[in-house]
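Asks: Quick one: the structure is below, and I'll ask about it shortly.
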Amino acid sequence: MSISNPDKSPSHTFIASDRVEGTPVYQPNGKKAGRIERLMIEKVSGKVAYAVMTFGGFLGIGEEHYPLPWSLLHYNAKLGGYEVDIDEEGLKDAPKYGEENWDWGDRAKHQKIHEHYGVTPIWY
């Protein structure tokens, strides 16, 4: 039995996490909003909870990190990246963090993220 190479098939539905990291994120108008820094996966269910998007900065300096609920991102093959219906104004008051000051075990922070974006957390 041979397994086809998924990179050659435009209809495959799976992607390795290392291929998602670094993928651009676009606004609906096609303007680049940022890029995916990493995925956060809920350990027990195995579901992707967040895509951490970087925004702003120059050459990695001054970037801000925004955990976006995965359900908000939609892959756009024409753009070669993910689309999210959030503009710069929508990120203005969004929960963000620095690498050193985010406690992923703090449920209140997760609740704040989901309330900001108006989506139900995957664990409900």
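Chain labels follow the order of the structure tokens: the first chain is A, the next B, and so on; residue numbering restarts at 1 in every chain, and ligands are counted from 1 in their shown order.
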What lies within 10 Å of A:Val20 using only C-alpha atoms, ignoring chain neighbours under 4 positions off, as a CSV table (one decimal) with N, CA and C atoms, in the first residue's frame?
Replies:
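Result went into selection.csv, see below:
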```csv
chain,number,residue,atom,x,y,z
A,15,ILE,N,-2.2,19.2,8.7
A,15,ILE,CA,-0.9,19.9,8.6
A,15,ILE,C,-0.1,19.7,9.9
A,16,ALA,N,1.2,19.6,9.7
A,16,ALA,CA,2.0,19.5,10.9
A,16,ALA,C,2.1,20.8,11.6
A,24,PRO,N,1.5,33.2,8.0
A,24,PRO,CA,0.9,34.6,8.2
A,24,PRO,C,-0.6,34.5,8.5
A,35,ARG,N,1.6,36.8,12.4
A,35,ARG,CA,2.0,35.4,12.0
A,35,ARG,C,1.8,34.6,13.3
A,36,ILE,N,1.6,33.3,13.0
A,36,ILE,CA,1.4,32.3,14.1
A,36,ILE,C,2.7,32.0,14.7
A,37,GLU,N,2.9,32.2,16.0
A,37,GLU,CA,4.1,31.9,16.7
A,37,GLU,C,4.1,30.5,17.2
A,38,ARG,N,2.9,30.1,17.7
A,38,ARG,CA,2.8,28.7,18.2
A,38,ARG,C,1.4,28.3,18.4
A,39,LEU,N,1.1,27.0,18.5
A,39,LEU,CA,-0.2,26.5,18.8
A,39,LEU,C,-0.2,26.1,20.3
A,51,ALA,N,-4.1,29.8,18.8
A,51,ALA,CA,-2.9,30.1,17.9
A,51,ALA,C,-2.4,31.3,18.5
A,81,GLY,N,-2.4,31.5,4.0
A,81,GLY,CA,-2.3,31.8,5.4
A,81,GLY,C,-3.7,31.7,6.0
A,82,TYR,N,-3.8,32.1,7.3
A,82,TYR,CA,-5.1,32.1,8.0
A,82,TYR,C,-5.7,33.5,8.0
```
Asks: Counting only C-alpha atoms, figure out which residue out of A:Asp106, A:Glu83, A:Glu115, A:Glu63 gets nearest to A:Thr23.
Replies: A:Glu83
Asks: Could you check which of A:Lys92, A:His110, A:His116, A:His74 is closest to A:Met40, using only C-alpha atoms?
Replies: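 Once distances to A:Met40 are computed over only C-alpha atoms, the minimum belongs to A:His110.
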Asks: Between A:Asp103, A:Asp93, A:Glu42, A:Glu88, single out the one closest to A:Pro28, counting only C-alpha atoms.
Replies: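 Nearest candidate to A:Pro28 out of A:Asp103, A:Asp93, A:Glu42, A:Glu88: A:Glu88.
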Asks: From the set A:Thr13, A:Lys96, A:Asn76, A:Trp104, which residue has the shortest atom-to-atom contact distance to A:Ile41, counting only C-alpha atoms?
Replies: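 Of all the options, A:Trp104 lies closest to A:Ile41.
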Asks: Per DSSP on the backbone, what are the helix (DSSP H, G or I) residues of stretch 10-98 of chain A, as a list in words?
Replies: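 Answer for stretch 10-98 of chain A, restricted to helix (DSSP H, G or I): Ser17, Asp18, Arg19, Val20, Trp70, Ser71, Leu72, Glu88, Glu89, Gly90, Leu91 and Lys92 of chain A.
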Asks: Include N, CA and C atoms and write out the residues we just selected as a tab-separated table (two decimals), in the first residue's frame.
Replies:
```tsv
chain	number	residue	atom	x	y	z
A	17	SER	N	2.25	20.74	12.95
A	17	SER	CA	2.30	21.97	13.73
A	17	SER	C	3.47	22.86	13.34
A	18	ASP	N	4.61	22.26	12.96
A	18	ASP	CA	5.75	23.09	12.59
A	18	ASP	C	5.52	23.83	11.28
A	19	ARG	N	4.57	23.38	10.49
A	19	ARG	CA	4.23	24.10	9.26
A	19	ARG	C	3.24	25.23	9.53
A	20	VAL	N	2.51	25.16	10.64
A	20	VAL	CA	1.58	26.22	11.02
A	20	VAL	C	2.36	27.38	11.65
A	70	TRP	N	-8.56	29.19	18.49
A	70	TRP	CA	-8.35	28.53	17.19
A	70	TRP	C	-9.58	28.62	16.30
A	71	SER	N	-10.76	28.60	16.91
A	71	SER	CA	-12.01	28.63	16.12
A	71	SER	C	-12.17	29.92	15.33
A	72	LEU	N	-11.42	30.96	15.66
A	72	LEU	CA	-11.52	32.23	14.94
A	72	LEU	C	-10.74	32.25	13.63
A	88	GLU	N	-6.82	45.89	13.63
A	88	GLU	CA	-5.92	46.44	14.64
A	88	GLU	C	-6.69	46.99	15.82
A	89	GLU	N	-7.83	47.59	15.57
A	89	GLU	CA	-8.65	48.14	16.65
A	89	GLU	C	-9.16	47.01	17.55
A	90	GLY	N	-9.51	45.88	16.95
A	90	GLY	CA	-9.97	44.73	17.73
A	90	GLY	C	-8.89	44.12	18.60
A	91	LEU	N	-7.64	44.31	18.22
A	91	LEU	CA	-6.53	43.81	19.02
A	91	LEU	C	-6.12	44.80	20.12
A	92	LYS	N	-6.59	46.04	19.98
A	92	LYS	CA	-6.17	47.09	20.90
A	92	LYS	C	-6.36	46.70	22.36
```
Asks: Would you kindly return, as a ChimeraX atom specification, each protein, DNA or RNA residue with an atom no farther than 9 Å from any atom of A:Phe55, considering only C-alpha atoms and excluding same-chain residues fewer than 4 positions away?
Replies: /A:33-35,62-66
Asks: Enter the distance from atom CA of A:Lys43 to atom CA of A:Phe14, in Å, rounded to one decimal.
Replies: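 So the answer is 19.0 Å.
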Asks: For the structure I just gave you, how does DSSP split stretch 25-113 of chain A - specifically, which residues are strand (DSSP E)? Reply as a PyMOL selection string.
Replies: chain A and resi 25-26+32-41+48-55+64-69+74-76+81-83
Asks: I'd like the neighbourhood of A:Asn29 as a list in words, where a residue qualifies if any of its atoms comes within 12 Å (using only C-alpha atoms), though same-chain residues fewer than 4 positions away should be ignored.
Replies: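 Listing them by chain and then by number gives Val25, Ala33, Leu79, Glu83, Val84, Asp85, Ile86 and Asp87 of chain A.
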Asks: As an exercise, work out the distance from atom CA of A:Ile122 to atom CA of A:Val44 in Å and give it to one decimal place.
Replies: 11.4 Å
Asks: Please indicate the distance in Å from atom CA of A:Gln111 to atom CA of A:Pro67, rounded to one decimal place.
Replies: 11.8 Å
